[in-house]
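Peer 1: Structure: query.pdb, PDB, C-alpha atoms, pLDDT in the B column.
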ATOM      1  CA  MET A 262      99.061 -59.151  50.857  1.00 51.00           C
ATOM      2  CA  ALA A 263     100.647 -62.602  51.061  1.00 59.00           C
ATOM      3  CA  ALA A 264     100.805 -64.562  54.302  1.00 59.00           C
ATOM      4  CA  THR A 265     104.304 -65.296  55.501  1.00 66.00           C
ATOM      5  CA  GLY A 266     105.598 -67.734  58.072  1.00 62.00           C
ATOM      6  CA  THR A 267     105.628 -71.440  58.571  1.00 67.00           C
ATOM      7  CA  PHE A 268     102.470 -73.471  58.534  1.00 66.00           C
ATOM      8  CA  ARG A 269     101.800 -77.085  59.322  1.00 67.00           C
ATOM      9  CA  MET A 270      99.265 -79.202  57.542  1.00 75.00           C
ATOM     10  CA  VAL A 271      96.141 -79.733  59.621  1.00 73.00           C
ATOM     11  CA  SER A 272      93.942 -82.728  58.935  1.00 79.00           C
ATOM     12  CA  GLU A 273      90.277 -82.281  58.060  1.00 83.00           C
ATOM     13  CA  GLU A 274      89.353 -84.017  61.300  1.00 79.00           C
ATOM     14  CA  GLU A 275      91.379 -81.520  63.329  1.00 76.00           C
ATOM     15  CA  GLN A 276      89.904 -78.594  61.370  1.00 77.00           C
ATOM     16  CA  ALA A 277      86.392 -79.854  62.126  1.00 77.00           C
ATOM     17  CA  MET A 278      87.285 -80.224  65.809  1.00 71.00           C
ATOM     18  CA  ARG A 279      88.663 -76.678  65.957  1.00 72.00           C
ATOM     19  CA  SER A 280      85.530 -75.219  64.379  1.00 75.00           C
ATOM     20  CA  LYS A 281      83.463 -77.144  66.941  1.00 71.00           C
ATOM     21  CA  LEU A 282      85.619 -75.729  69.774  1.00 68.00           C
ATOM     22  CA  ALA A 283      84.631 -72.188  68.880  1.00 70.00           C
ATOM     23  CA  HIS A 284      81.009 -72.879  69.875  1.00 72.00           C
ATOM     24  CA  LEU A 285      81.542 -74.839  73.111  1.00 69.00           C
ATOM     25  CA  THR A 286      81.100 -73.693  76.683  1.00 71.00           C
ATOM     26  CA  VAL A 287      83.001 -74.757  79.795  1.00 66.00           C
ATOM     27  CA  LYS A 288      80.321 -77.345  80.638  1.00 67.00           C
ATOM     28  CA  ASP A 289      80.960 -79.181  77.366  1.00 66.00           C
ATOM     29  CA  HIS A 290      84.477 -80.257  78.395  1.00 60.00           C
ATOM     30  CA  GLY A 291      83.593 -83.050  80.810  1.00 61.00           C
ATOM     31  CA  PRO A 292      83.261 -83.252  84.590  1.00 61.00           C
ATOM     32  CA  VAL A 293      85.149 -80.781  86.740  1.00 59.00           C
ATOM     33  CA  PHE A 294      84.927 -82.816  89.942  1.00 60.00           C
ATOM     34  CA  GLY A 295      85.253 -86.540  90.486  1.00 62.00           C
ATOM     35  CA  PRO A 296      86.714 -89.183  88.225  1.00 65.00           C
ATOM     36  CA  CYS A 297      86.746 -88.712  84.487  1.00 65.00           C
ATOM     37  CA  HIS A 298      87.496 -91.940  82.667  1.00 69.00           C
ATOM     38  CA  LYS A 299      87.653 -90.502  79.159  1.00 74.00           C
ATOM     39  CA  LEU A 300      87.826 -86.874  78.093  1.00 73.00           C
ATOM     40  CA  PRO A 301      85.747 -85.778  75.106  1.00 75.00           C
ATOM     41  CA  GLY A 302      87.668 -85.383  71.849  1.00 78.00           C
ATOM     42  CA  HIS A 303      87.153 -81.630  71.717  1.00 75.00           C
ATOM     43  CA  THR A 304      88.665 -81.274  75.209  1.00 77.00           C
ATOM     44  CA  LEU A 305      91.739 -83.227  74.124  1.00 79.00           C
ATOM     45  CA  GLN A 306      92.028 -80.958  71.084  1.00 80.00           C
ATOM     46  CA  LYS A 307      91.787 -77.881  73.319  1.00 79.00           C
ATOM     47  CA  ALA A 308      94.568 -79.286  75.530  1.00 82.00           C
ATOM     48  CA  LYS A 309      96.665 -79.932  72.444  1.00 84.00           C
ATOM     49  CA  ASP A 310      96.131 -76.402  71.110  1.00 84.00           C
ATOM     50  CA  GLU A 311      96.434 -74.400  74.323  1.00 84.00           C
ATOM     51  CA  LEU A 312      98.816 -76.489  76.437  1.00 86.00           C
ATOM     52  CA  HIS A 313     100.719 -78.239  73.642  1.00 87.00           C
ATOM     53  CA  GLU A 314      99.783 -81.474  75.407  1.00 87.00           C
ATOM     54  CA  THR A 315     100.817 -84.670  73.706  1.00 88.00           C
ATOM     55  CA  THR A 316     100.936 -88.236  74.958  1.00 89.00           C
ATOM     56  CA  GLU A 317     104.732 -88.068  75.143  1.00 93.00           C
ATOM     57  CA  ARG A 318     104.769 -84.740  76.980  1.00 94.00           C
ATOM     58  CA  ARG A 319     102.129 -85.950  79.437  1.00 92.00           C
ATOM     59  CA  ALA A 320     104.086 -89.143  80.171  1.00 95.00           C
ATOM     60  CA  SER A 321     107.428 -87.381  80.610  1.00 96.00           C
ATOM     61  CA  SER A 322     105.915 -84.646  82.797  1.00 95.00           C
ATOM     62  CA  LEU A 323     104.200 -87.237  84.997  1.00 95.00           C
ATOM     63  CA  LYS A 324     107.486 -89.119  85.366  1.00 96.00           C
ATOM     64  CA  ASP A 325     109.305 -85.882  86.253  1.00 96.00           C
ATOM     65  CA  LEU A 326     106.605 -84.848  88.733  1.00 95.00           C
ATOM     66  CA  ARG A 327     106.661 -88.209  90.520  1.00 95.00           C
ATOM     67  CA  ALA A 328     110.474 -88.015  90.705  1.00 95.00           C
ATOM     68  CA  MET A 329     110.277 -84.460  92.077  1.00 94.00           C
ATOM     69  CA  ILE A 330     107.745 -85.526  94.718  1.00 93.00           C
ATOM     70  CA  LYS A 331     110.110 -88.248  95.944  1.00 93.00           C
ATOM     71  CA  GLU A 332     113.223 -86.066  95.720  1.00 93.00           C
ATOM     72  CA  ARG A 333     111.761 -83.097  97.594  1.00 92.00           C
ATOM     73  CA  ALA A 334     110.273 -85.353 100.293  1.00 91.00           C
ATOM     74  CA  SER A 335     113.664 -87.009 100.848  1.00 93.00           C
ATOM     75  CA  GLU A 336     115.242 -83.569 101.390  1.00 92.00           C
ATOM     76  CA  GLY A 337     113.272 -83.273 104.639  1.00 85.00           C
ATOM     77  CA  ASP A 338     110.778 -80.507 103.817  1.00 83.00           C
ATOM     78  CA  ASP A 339     107.630 -81.156 105.893  1.00 85.00           C
ATOM     79  CA  LEU A 340     105.301 -79.808 103.232  1.00 85.00           C
ATOM     80  CA  ALA A 341     106.999 -81.928 100.552  1.00 88.00           C
ATOM     81  CA  LYS A 342     106.547 -84.997 102.771  1.00 90.00           C
ATOM     82  CA  LEU A 343     102.885 -84.102 103.085  1.00 87.00           C
ATOM     83  CA  VAL A 344     102.658 -83.892  99.275  1.00 89.00           C
ATOM     84  CA  GLN A 345     104.237 -87.333  98.979  1.00 91.00           C
ATOM     85  CA  ASP A 346     101.847 -88.795 101.556  1.00 89.00           C
ATOM     86  CA  ARG A 347      98.846 -87.166  99.917  1.00 88.00           C
ATOM     87  CA  PHE A 348      99.664 -87.599  96.215  1.00 88.00           C
ATOM     88  CA  GLY A 349     102.475 -90.164  95.956  1.00 87.00           C
ATOM     89  CA  ASP A 350     100.244 -93.170  95.313  1.00 89.00           C
ATOM     90  CA  LYS A 351      97.454 -91.357  93.442  1.00 89.00           C
ATOM     91  CA  PRO A 352      96.640 -92.216  89.820  1.00 90.00           C
ATOM     92  CA  ASP A 353      98.116 -90.283  86.921  1.00 90.00           C
ATOM     93  CA  SER A 354      94.741 -88.721  86.128  1.00 86.00           C
ATOM     94  CA  LEU A 355      94.880 -86.689  89.359  1.00 88.00           C
ATOM     95  CA  LEU A 356      98.465 -85.542  88.841  1.00 92.00           C
ATOM     96  CA  VAL A 357      97.701 -84.493  85.263  1.00 91.00           C
ATOM     97  CA  ARG A 358      95.164 -82.023  86.637  1.00 88.00           C
ATOM     98  CA  PHE A 359      97.934 -80.230  88.533  1.00 92.00           C
ATOM     99  CA  LEU A 360     100.191 -80.324  85.472  1.00 94.00           C
ATOM    100  CA  ARG A 361      97.484 -78.900  83.210  1.00 91.00           C
ATOM    101  CA  ALA A 362      96.724 -76.159  85.716  1.00 91.00           C
ATOM    102  CA  ARG A 363     100.352 -75.046  85.414  1.00 93.00           C
ATOM    103  CA  LYS A 364     100.759 -75.727  81.667  1.00 92.00           C
ATOM    104  CA  PHE A 365     103.008 -78.739  82.283  1.00 94.00           C
ATOM    105  CA  ASP A 366     105.577 -76.795  84.297  1.00 95.00           C
ATOM    106  CA  VAL A 367     106.564 -79.532  86.756  1.00 95.00           C
ATOM    107  CA  THR A 368     108.042 -77.198  89.393  1.00 94.00           C
ATOM    108  CA  ARG A 369     104.965 -74.984  89.437  1.00 95.00           C
ATOM    109  CA  ALA A 370     102.685 -78.041  89.551  1.00 94.00           C
ATOM    110  CA  HIS A 371     104.585 -79.294  92.598  1.00 93.00           C
ATOM    111  CA  GLU A 372     104.225 -75.875  94.259  1.00 92.00           C
ATOM    112  CA  LEU A 373     100.480 -76.028  93.594  1.00 92.00           C
ATOM    113  CA  MET A 374     100.370 -79.457  95.249  1.00 90.00           C
ATOM    114  CA  LYS A 375     102.242 -78.046  98.244  1.00 90.00           C
ATOM    115  CA  GLY A 376      99.646 -75.281  98.508  1.00 87.00           C
ATOM    116  CA  GLU A 377      96.869 -77.872  98.453  1.00 83.00           C
ATOM    117  CA  GLY A 378      98.682 -79.834 101.180  1.00 75.00           C
ATOM    118  CA  LYS A 379      99.065 -76.702 103.267  1.00 77.00           C
ATOM    119  CA  ARG A 380      95.352 -75.891 102.906  1.00 74.00           C
ATOM    120  CA  GLN A 381      94.416 -79.405 103.977  1.00 71.00           C
ATOM    121  CA  ARG A 382      96.763 -79.308 106.959  1.00 70.00           C
ATOM    122  CA  ILE A 383      95.243 -76.017 108.129  1.00 69.00           C
ATOM    123  CA  SER A 384      91.709 -77.336 107.661  1.00 68.00           C
ATOM    124  CA  CYS A 385      92.568 -80.357 109.840  1.00 68.00           C
ATOM    125  CA  LEU A 386      94.219 -78.246 112.562  1.00 68.00           C
ATOM    126  CA  HIS A 387      91.589 -75.494 112.519  1.00 66.00           C
ATOM    127  CA  PRO A 388      88.321 -76.981 111.229  1.00 67.00           C
ATOM    128  CA  PHE A 389      86.282 -74.060 112.559  1.00 66.00           C
ATOM    129  CA  ILE A 390      87.807 -71.849 109.838  1.00 62.00           C
ATOM    130  CA  PHE A 391      86.464 -74.108 107.105  1.00 59.00           C
ATOM    131  CA  THR A 392      83.030 -74.921 108.539  1.00 65.00           C
ATOM    132  CA  LEU A 393      79.958 -73.695 106.755  1.00 60.00           C
ATOM    133  CA  VAL A 394      78.401 -70.762 108.540  1.00 57.00           C
ATOM    134  CA  ILE A 395      74.650 -70.509 108.098  1.00 58.00           C
ATOM    135  CA  ILE A 396      73.233 -67.044 108.633  1.00 59.00           C
ATOM    136  CA  ASP A 397      69.654 -66.822 109.825  1.00 58.00           C
ATOM    137  CA  ARG A 398      68.020 -64.050 107.821  1.00 60.00           C
ATOM    138  CA  SER A 399      64.468 -64.752 109.005  1.00 61.00           C
ATOM    139  CA  GLY A 400      64.487 -62.213 111.833  1.00 54.00           C
TER     140      GLY A 400
END
Would you give me this structure, written as structure tokens?
Peer 2:
Amino acid sequence: MAATGTFRMVSEEEQAMRSKLAHLTVKDHGPVFGPCHKLPGHTLQKAKDELHETTERRASSLKDLRAMIKERASEGDDLAKLVQDRFGDKPDSLLVRFLRARKFDVTRAHELMKGEGKRQRISCLHPFIFTLVIIDRSG
């Protein structure tokens, strides 16, 4: 049986990276929390394969997200203003995390940022909800 469809040529380097991806765990993809100055090559390949992330797409999505943050905040929405205050001057590396979480859908990434802003506002207004409760099991 012959294979049908369209295929693109994949370099040997990319083939080697893909075979390496099959054996990796979540911990192999770099830090989850805190700053990450350079992602490992296999993580970039995974982003390229699963999210169709390219340098151009990342740059255009970041530009669109920053524009949406400003536009929605100027419309007068309190939560959108909170997003602008919280994320407006943050580096691209932080905003890319929201974009990747929503597969570069700018509107959904902005909604995710609004949810994060809402959670932070509630935790400031009602800190007792978010405090660590220690249960004494000794007795």
Peer 1: For atom CA of A:Arg358 and atom CA of A:Arg382, quote the distance in Å rounded to one decimal.
Peer 2: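 For atom CA of A:Arg358 relative to atom CA of A:Arg382, the distance reads 20.6 Å.
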Peer 1: Kindly give the distance, in Å, that separates atom CA of A:Met270 and atom CA of A:Asp310, rounded to a single decimal.
Peer 2: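 Taking atom CA of A:Met270 and atom CA of A:Asp310, their separation equals 14.2 Å.
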Peer 1: Neighbouring residues of A:Met278 were defined as those with any atom within 10 Å, considering all atoms listed in the file; residues of the same chain fewer than 5 positions away were excluded. Please report them as a list of chain:residue names.
Peer 2: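 With the cut-off at 10 Å, the set is A:Ser272, A:Glu273, A:Ala283, A:Gly302, A:His303, A:Thr304, A:Leu305, A:Gln306, A:Lys307.
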Peer 1: Once the PyMOL selection byres ((chain A and resi 356) around 12) is applied to the coordinates I shared, what remains selected? I want it as a PyMOL selection string.
Peer 2: chain A and resi 319-320+322-327+330+344-345+347-355+357-363+365+367+370-371+373-374
Peer 1: Can you tell me how far atom CA of A:Leu340 sits from atom CA of A:Thr368, in Å to one decimal?
Peer 2: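 Atom CA of A:Leu340 sits 14.3 Å away from atom CA of A:Thr368.
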Peer 1: A:Asp366, A:Glu372, A:Arg380, A:Met329: which is nearest A:His313, counting all atoms listed in the file?
Peer 2: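 Residue with the minimum atom-to-atom distance to A:His313: A:Asp366.
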